[in-house]
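Right, one structure below, let's go through it.
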Protein chains: 2
Amino acid sequence: MSLKHAILVLLETEPGSGYDLLKRFREHMGYFWNASHQQIYQQLKWMHEAGWLEASTEPQQGKPDRKVYELTPQGHEALLAWLAETSKPEKINDSLLVRLYGGHLRDTENIRAEMAHHRTLYEQNRAALLSIEQHYLALPKAEQQRYRFPYLTLRRGILSVEAWLDWADEVDAFLNHP
Amino acid sequence: MSLKHAILVLLETEPGSGYDLLKRFREHMGYFWNASHQQIYQQLKWMHEAGWLEASTEPQQGKPDRKVYELTPQGHEALLAWLAETSKPEKINDSLLVRLYGGHLRDTENIRAEMAHHRTLYEQNRAALLSIEQHYLALPKAEQQRYRFPYLTLRRGILSVEAWLDWADEVDAFLNHP
DNA sequence: TAATCATATGCAATTTTTTGCATAACTGGA
DNA sequence: TCCAGTTATGCAAAAAATTGCATATGATTA
């Protein structure tokens, strides 16, 4: 219900194309928001038709034209209205945990392998997030002030990934002492 | 894509009605799986038509009949096939963080109130999870062994909620020292 | 040199989820 | 006694997300 609003937040900071948004979701919001390119282009189309966004076409040689979107006053209004709403708690659907819940039906080796695979992904993710944090902490105070809210979301990502890894340690210990 | 499989896992442990499943999701899987009653009844209908489930109708006086579902051999097969698949990382879409990312457009009081509201929910959740854990730890060893996989998912819930609360402390400190 | 990855966009069909409505009785508290 | 909550199920429509397909070029790498 709020990919539209996530897009509004990103475009309010800086105008961009669908592809730009895809990269921003992946690079800066990967921990708390995920969207496919199809989803993004669909929503941009809808938002443009609804008058939330204005599009300007940048011709490029050899490649399809880049469509750069930015907020209209109506888009800005829609964003402020959404920010004023009361939010519902996050809806979590984590299939890894469903699969572990049914662990008695599985081979322990299979569980171990799945955990190891996810651990690798989480460790890569942690490294990426910590590197972004280092970059932020090296900024002058004025710049830090500017990115203070994105930084808070980054901290959430870091604490969350670390909690996952702590849990994975518990699971490994558990699987080794049945 | 896997509410069907979450239902299979629950029904494999113990047959039940749609309403039973709703309660089990809420009470035991609330941390990692959420589904509405409409969604559950729709999926049960599909799964029954697909031959994954067998239904028996328990007449009740005054109330609509209770339909108790249990796995057919095909349902069991579908579950095992799903458990053997390699799983994708969890898809997280957390609107609270999108809203915080755009915090510069908001009133600090509004952010504080939203955080306080979610904190209350997480604290209640933590208390509930810790109480289930105490219950588990009081069980005789044999019973603990039986519920070892659900217990691992419970630990995930606990670590995860605690990480959220730690983060909320950071956010509060941050909002008080701008 | 072939294959893959990154850039850049989009349609169409299907599946999944959400929202709104509908029914009906029992139970506990203000 | 009324009101809210719990038990118990479901349909229909709309919105959102996924999957599969389609196009086209430039850069890197095996």
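Simple scheme: letters A, B, ... for chains in structure tokens order, numbers from 1 for residues in each chain, numbers from 1 for ligands in the order shown.
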Sort by chain and increasing residue number a table of all residues of chain D within 9 Å of chain B, each with its closest pair of atoms and their distance in Å to one decimal, counting only C-alpha atoms (C1' of nucleotides), and write it as a Markdown table.
```
| residue | atom | partner | partner_atom | distance |
| --- | --- | --- | --- | --- |
| D:DT7 | C1' | B:Lys63 | CA | 8.1 |
| D:DA8 | C1' | B:Pro64 | CA | 5.9 |
| D:DT9 | C1' | B:Pro64 | CA | 6.7 |
| D:DG10 | C1' | B:Tyr41 | CA | 7.6 |
| D:DT18 | C1' | B:Met1 | CA | 9.0 |
```
Chain A contacts on chain C, only C-alpha atoms (C1' of nucleotides), 10 Å, as a VMD selection string: chain C and resid 7 to 11 18
Interface rows for chain A against chain B: nearest pair, Å to one decimal, 8 Å, only C-alpha atoms, as a Markdown table:
```
| residue | atom | partner | partner_atom | distance |
| --- | --- | --- | --- | --- |
| A:Ser2 | CA | B:Ser95 | CA | 7.2 |
| A:Ala6 | CA | B:Val98 | CA | 6.0 |
| A:Val9 | CA | B:Gly102 | CA | 5.9 |
| A:Tyr31 | CA | B:Ile92 | CA | 6.9 |
| A:Phe32 | CA | B:Asp94 | CA | 5.3 |
| A:Trp33 | CA | B:Asn93 | CA | 4.4 |
| A:Asn34 | CA | B:Asn93 | CA | 6.2 |
| A:Leu80 | CA | B:Leu105 | CA | 7.5 |
| A:Leu83 | CA | B:Arg99 | CA | 6.3 |
| A:Ala84 | CA | B:Asn110 | CA | 7.9 |
| A:Thr86 | CA | B:Glu114 | CA | 7.2 |
| A:Ser87 | CA | B:Leu96 | CA | 6.9 |
| A:Pro89 | CA | B:His118 | CA | 7.0 |
| A:Glu90 | CA | B:Asp94 | CA | 5.4 |
| A:Lys91 | CA | B:Asn34 | CA | 6.5 |
| A:Ile92 | CA | B:Phe32 | CA | 5.4 |
| A:Asn93 | CA | B:Trp33 | CA | 4.5 |
| A:Asp94 | CA | B:Phe32 | CA | 5.3 |
| A:Ser95 | CA | B:Glu90 | CA | 6.9 |
| A:Leu96 | CA | B:Ser87 | CA | 6.9 |
| A:Leu97 | CA | B:Thr153 | CA | 6.0 |
| A:Val98 | CA | B:Ala6 | CA | 6.0 |
| A:Arg99 | CA | B:Leu83 | CA | 6.3 |
| A:Leu100 | CA | B:Phe149 | CA | 6.2 |
| A:Tyr101 | CA | B:Pro150 | CA | 4.9 |
| A:Gly102 | CA | B:Val9 | CA | 5.9 |
| A:Gly103 | CA | B:Phe149 | CA | 5.9 |
| A:His104 | CA | B:Phe149 | CA | 7.2 |
| A:Leu105 | CA | B:Leu80 | CA | 7.5 |
| A:Arg106 | CA | B:Leu83 | CA | 7.2 |
| A:Asn110 | CA | B:Ala84 | CA | 7.9 |
| A:Glu114 | CA | B:Thr86 | CA | 7.2 |
| A:His118 | CA | B:Pro89 | CA | 7.0 |
| A:Phe149 | CA | B:Tyr101 | CA | 5.1 |
| A:Pro150 | CA | B:Tyr101 | CA | 4.9 |
| A:Leu152 | CA | B:Val171 | CA | 6.7 |
| A:Thr153 | CA | B:Leu97 | CA | 6.0 |
| A:Arg155 | CA | B:Trp167 | CA | 7.3 |
| A:Arg156 | CA | B:Trp167 | CA | 6.1 |
| A:Leu159 | CA | B:Ala163 | CA | 6.1 |
| A:Ser160 | CA | B:Ala163 | CA | 6.2 |
| A:Ala163 | CA | B:Leu159 | CA | 6.1 |
| A:Trp164 | CA | B:Ser160 | CA | 7.3 |
| A:Trp167 | CA | B:Arg156 | CA | 6.0 |
| A:Val171 | CA | B:Leu152 | CA | 6.7 |
```
Going by DSSP on the backbone, which residues of chain A come out as strand (DSSP E or B)? List them as a VMD selection string. chain A and resid 16 53 to 58 66 to 71
For those residues, write N, CA and C atoms to a file as a compact mmCIF listing (two decimals), in the first residue's frame.
```txt
# COMPACT_ATOMS: atom_id res chain seq x y z
N GLY A 16 14.52 11.55 -10.13
CA GLY A 16 15.24 10.43 -10.74
C GLY A 16 14.35 9.60 -11.63
N LEU A 53 3.35 13.14 -10.10
CA LEU A 53 4.70 13.30 -10.65
C LEU A 53 4.66 13.99 -12.00
N GLU A 54 5.74 14.69 -12.28
CA GLU A 54 5.96 15.32 -13.57
C GLU A 54 7.15 14.59 -14.19
N ALA A 55 7.06 14.30 -15.50
CA ALA A 55 8.14 13.56 -16.15
C ALA A 55 8.82 14.41 -17.20
N SER A 56 10.14 14.33 -17.25
CA SER A 56 10.86 14.98 -18.35
C SER A 56 11.73 13.92 -19.02
N THR A 57 11.71 13.91 -20.35
CA THR A 57 12.41 12.87 -21.08
C THR A 57 13.80 13.35 -21.49
N GLU A 58 14.79 12.59 -21.09
CA GLU A 58 16.17 12.89 -21.47
C GLU A 58 16.58 11.92 -22.57
N ARG A 66 15.69 8.24 -21.08
CA ARG A 66 15.57 8.21 -19.62
C ARG A 66 14.43 9.15 -19.24
N LYS A 67 13.48 8.62 -18.44
CA LYS A 67 12.38 9.47 -17.99
C LYS A 67 12.65 9.88 -16.55
N VAL A 68 12.90 11.15 -16.35
CA VAL A 68 13.19 11.62 -15.00
C VAL A 68 11.93 12.21 -14.38
N TYR A 69 11.59 11.68 -13.22
CA TYR A 69 10.38 12.11 -12.53
C TYR A 69 10.71 13.03 -11.35
N GLU A 70 9.81 13.98 -11.12
CA GLU A 70 9.91 14.75 -9.88
C GLU A 70 8.50 15.07 -9.35
N LEU A 71 8.43 15.44 -8.07
CA LEU A 71 7.12 15.66 -7.45
C LEU A 71 6.44 16.91 -7.99
```
Go ahead and align chain B to chain A (same sequence, so just pair every C-alpha in order, least squares) and export the moved chain as a tab-separated table (two decimals) with C-alpha atoms, in the first residue's frame.
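That gives us superposed16.tsv:
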```
chain	number	residue	atom	x	y	z
B	1	MET	CA	0.04	0.03	0.00
B	2	SER	CA	2.98	2.34	0.25
B	3	LEU	CA	5.50	1.67	-2.48
B	4	LYS	CA	3.97	4.85	-3.91
B	5	HIS	CA	4.92	6.68	-0.73
B	6	ALA	CA	8.39	5.21	-0.56
B	7	ILE	CA	8.88	6.52	-4.11
B	8	LEU	CA	7.56	9.93	-3.08
B	9	VAL	CA	10.07	10.07	-0.22
B	10	LEU	CA	12.95	9.22	-2.55
B	11	LEU	CA	11.88	11.64	-5.30
B	12	GLU	CA	11.33	14.43	-2.79
B	13	THR	CA	15.02	14.18	-1.85
B	14	GLU	CA	16.12	14.08	-5.48
B	15	PRO	CA	14.34	13.61	-8.84
B	16	GLY	CA	15.22	10.49	-10.78
B	17	SER	CA	14.21	7.81	-13.28
B	18	GLY	CA	12.69	4.42	-12.58
B	19	TYR	CA	16.07	2.84	-12.88
B	20	ASP	CA	17.58	5.38	-10.48
B	21	LEU	CA	14.88	4.47	-7.96
B	22	LEU	CA	15.57	0.77	-8.38
B	23	LYS	CA	19.22	1.40	-7.53
B	24	ARG	CA	18.39	3.64	-4.60
B	25	PHE	CA	16.06	1.03	-3.14
B	26	ARG	CA	18.74	-1.60	-3.53
B	27	GLU	CA	21.67	0.44	-2.30
B	28	HIS	CA	20.23	2.62	0.42
B	29	MET	CA	16.95	1.05	1.47
B	30	GLY	CA	17.67	-2.62	0.84
B	31	TYR	CA	17.26	-3.37	4.49
B	32	PHE	CA	13.77	-1.93	4.85
B	33	TRP	CA	12.26	-1.68	1.40
B	34	ASN	CA	12.37	-3.98	-1.59
B	35	ALA	CA	10.77	-3.48	-4.96
B	36	SER	CA	11.28	-4.98	-8.40
B	37	HIS	CA	11.74	-2.87	-11.51
B	38	GLN	CA	8.34	-3.91	-12.88
B	39	GLN	CA	6.66	-2.76	-9.72
B	40	ILE	CA	8.46	0.59	-9.79
B	41	TYR	CA	7.60	1.33	-13.43
B	42	GLN	CA	3.96	0.38	-12.84
B	43	GLN	CA	3.70	2.67	-9.84
B	44	LEU	CA	5.47	5.52	-11.61
B	45	LYS	CA	2.96	5.24	-14.45
B	46	TRP	CA	0.06	5.32	-11.98
B	47	MET	CA	1.54	8.22	-10.03
B	48	HIS	CA	2.14	10.19	-13.22
B	49	GLU	CA	-1.44	9.63	-14.36
B	50	ALA	CA	-2.69	10.65	-10.92
B	51	GLY	CA	-0.77	13.94	-11.22
B	52	TRP	CA	1.64	13.22	-8.37
B	53	LEU	CA	4.67	13.28	-10.66
B	54	GLU	CA	5.91	15.31	-13.58
B	55	ALA	CA	8.08	13.56	-16.16
B	56	SER	CA	10.79	14.97	-18.38
B	57	THR	CA	12.32	12.87	-21.13
B	58	GLU	CA	16.10	12.91	-21.54
B	59	PRO	CA	17.01	11.52	-24.98
B	60	GLN	CA	20.08	9.27	-25.04
B	61	GLN	CA	21.96	7.84	-27.97
B	62	GLY	CA	21.60	4.09	-28.48
B	63	LYS	CA	19.59	3.60	-25.26
B	64	PRO	CA	15.90	4.16	-24.60
B	65	ASP	CA	15.05	7.63	-23.35
B	66	ARG	CA	15.52	8.23	-19.67
B	67	LYS	CA	12.33	9.49	-18.02
B	68	VAL	CA	13.16	11.64	-15.03
B	69	TYR	CA	10.33	12.12	-12.56
B	70	GLU	CA	9.87	14.76	-9.91
B	71	LEU	CA	7.09	15.65	-7.48
B	72	THR	CA	4.27	17.99	-8.46
B	73	PRO	CA	2.63	20.08	-5.72
B	74	GLN	CA	-0.09	17.39	-5.56
B	75	GLY	CA	2.58	14.73	-5.09
B	76	HIS	CA	4.10	16.74	-2.28
B	77	GLU	CA	0.68	17.07	-0.71
B	78	ALA	CA	0.05	13.32	-0.99
B	79	LEU	CA	3.39	12.69	0.72
B	80	LEU	CA	2.64	15.03	3.60
B	81	ALA	CA	-0.83	13.51	4.02
B	82	TRP	CA	0.68	10.03	4.20
B	83	LEU	CA	3.33	11.12	6.70
B	84	ALA	CA	0.59	12.49	8.93
B	85	GLU	CA	-1.30	9.17	9.01
B	86	THR	CA	-0.84	6.75	11.90
B	87	SER	CA	1.15	3.76	10.78
B	88	LYS	CA	0.36	0.11	11.29
B	89	PRO	CA	3.00	-2.28	12.62
B	90	GLU	CA	5.22	-3.88	10.02
B	91	LYS	CA	3.83	-7.03	8.44
B	92	ILE	CA	6.46	-9.73	8.59
B	93	ASN	CA	6.29	-12.86	6.46
B	94	ASP	CA	9.54	-14.74	6.79
B	95	SER	CA	9.51	-18.09	5.07
B	96	LEU	CA	12.90	-19.13	6.50
B	97	LEU	CA	11.26	-19.31	9.92
B	98	VAL	CA	8.28	-21.27	8.62
B	99	ARG	CA	10.75	-23.71	7.13
B	100	LEU	CA	12.62	-23.96	10.42
B	101	TYR	CA	9.35	-24.38	12.34
B	102	GLY	CA	8.83	-27.54	10.29
B	103	GLY	CA	12.43	-28.61	10.89
B	104	HIS	CA	11.42	-32.05	12.22
B	105	LEU	CA	10.43	-32.93	8.63
B	106	ARG	CA	13.83	-31.99	7.29
B	107	ASP	CA	17.32	-33.32	7.15
B	108	THR	CA	19.57	-31.46	9.61
B	109	GLU	CA	22.21	-31.06	6.90
B	110	ASN	CA	19.65	-29.30	4.74
B	111	ILE	CA	18.82	-26.86	7.54
B	112	ARG	CA	22.50	-26.22	8.22
B	113	ALA	CA	23.15	-25.52	4.54
B	114	GLU	CA	20.20	-23.13	4.32
B	115	MET	CA	21.36	-21.28	7.42
B	116	ALA	CA	24.92	-21.08	6.10
B	117	HIS	CA	23.66	-19.64	2.82
B	118	HIS	CA	21.61	-16.95	4.52
B	119	ARG	CA	24.45	-16.22	6.91
B	120	THR	CA	26.71	-15.38	3.99
B	121	LEU	CA	24.12	-12.95	2.65
B	122	TYR	CA	23.64	-11.30	6.05
B	123	GLU	CA	27.38	-11.00	6.58
B	124	GLN	CA	27.82	-9.32	3.21
B	125	ASN	CA	24.93	-7.05	4.08
B	126	ARG	CA	26.48	-6.16	7.44
B	127	ALA	CA	29.80	-5.29	5.81
B	128	ALA	CA	28.05	-3.03	3.32
B	129	LEU	CA	26.01	-1.27	6.01
B	130	LEU	CA	29.05	-0.77	8.28
B	131	SER	CA	30.97	0.71	5.38
B	132	ILE	CA	28.16	3.18	4.68
B	133	GLU	CA	28.18	4.06	8.38
B	134	GLN	CA	31.94	4.77	8.30
B	135	HIS	CA	31.35	7.01	5.33
B	136	TYR	CA	28.65	8.89	7.20
B	137	LEU	CA	30.72	9.28	10.36
B	138	ALA	CA	33.56	10.79	8.33
B	139	LEU	CA	31.32	13.59	7.03
B	140	PRO	CA	31.52	17.11	8.49
B	141	LYS	CA	28.89	17.84	11.17
B	142	ALA	CA	26.70	19.89	8.82
B	143	GLU	CA	26.46	17.03	6.34
B	144	GLN	CA	25.77	14.57	9.13
B	145	GLN	CA	22.89	16.78	10.25
B	146	ARG	CA	21.49	16.70	6.73
B	147	TYR	CA	21.44	12.91	6.57
B	148	ARG	CA	20.43	12.31	10.18
B	149	PHE	CA	17.15	10.56	9.36
B	150	PRO	CA	18.57	8.21	6.73
B	151	TYR	CA	21.33	7.50	9.26
B	152	LEU	CA	18.75	6.38	11.84
B	153	THR	CA	17.34	3.93	9.31
B	154	LEU	CA	20.87	2.69	8.64
B	155	ARG	CA	21.33	2.04	12.36
B	156	ARG	CA	18.15	-0.02	12.28
B	157	GLY	CA	19.62	-2.07	9.47
B	158	ILE	CA	22.86	-2.65	11.37
B	159	LEU	CA	21.21	-3.64	14.67
B	160	SER	CA	18.81	-5.85	12.82
B	161	VAL	CA	21.44	-7.71	10.82
B	162	GLU	CA	23.56	-8.18	13.95
B	163	ALA	CA	20.56	-9.60	15.80
B	164	TRP	CA	20.00	-12.05	12.94
B	165	LEU	CA	23.62	-13.19	13.09
B	166	ASP	CA	23.45	-13.63	16.89
B	167	TRP	CA	20.38	-15.77	16.38
B	168	ALA	CA	22.10	-17.80	13.67
B	169	ASP	CA	24.88	-18.57	16.19
B	170	GLU	CA	22.25	-19.89	18.60
B	171	VAL	CA	20.71	-22.05	15.88
B	172	ASP	CA	24.10	-23.48	14.92
B	173	ALA	CA	24.91	-24.30	18.54
B	174	PHE	CA	21.52	-25.95	18.87
B	175	LEU	CA	21.92	-28.05	15.74
B	176	ASN	CA	25.32	-29.25	16.96
B	177	HIS	CA	23.99	-30.36	20.37
B	178	PRO	CA	20.72	-32.13	19.61
```
Using the chain letters and numbers from this document, which residues of range 58-150 of chain B does DSSP assign to helix (DSSP H, G or I), as a VMD selection string? chain B and resid 73 to 84 95 to 101 103 to 105 108 to 137 141 to 146 148 to 150
Considering only C-alpha atoms (C1' of nucleotides), give me a table of residues in chain C that are at most 9 Å from range 14-17 of chain D, with the closest atom pair and distance in Å for each, as a Markdown table.
```
| residue | atom | partner | partner_atom | distance |
| --- | --- | --- | --- | --- |
| C:DT15 | C1' | D:DA17 | C1' | 8.2 |
| C:DT16 | C1' | D:DA17 | C1' | 7.1 |
| C:DT17 | C1' | D:DA16 | C1' | 7.1 |
| C:DT18 | C1' | D:DA15 | C1' | 7.1 |
| C:DT19 | C1' | D:DA14 | C1' | 7.8 |
```
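One finds C1' of DA22 in chain C at 20.0 Å from C1' of DC3 in chain D.
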Point-to-point distance from C1' of DA12 in chain C to C1' of DG26 in chain D, Å rounded to tenths: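 C1' of DA12 in chain C sits 28.8 Å away from C1' of DG26 in chain D.
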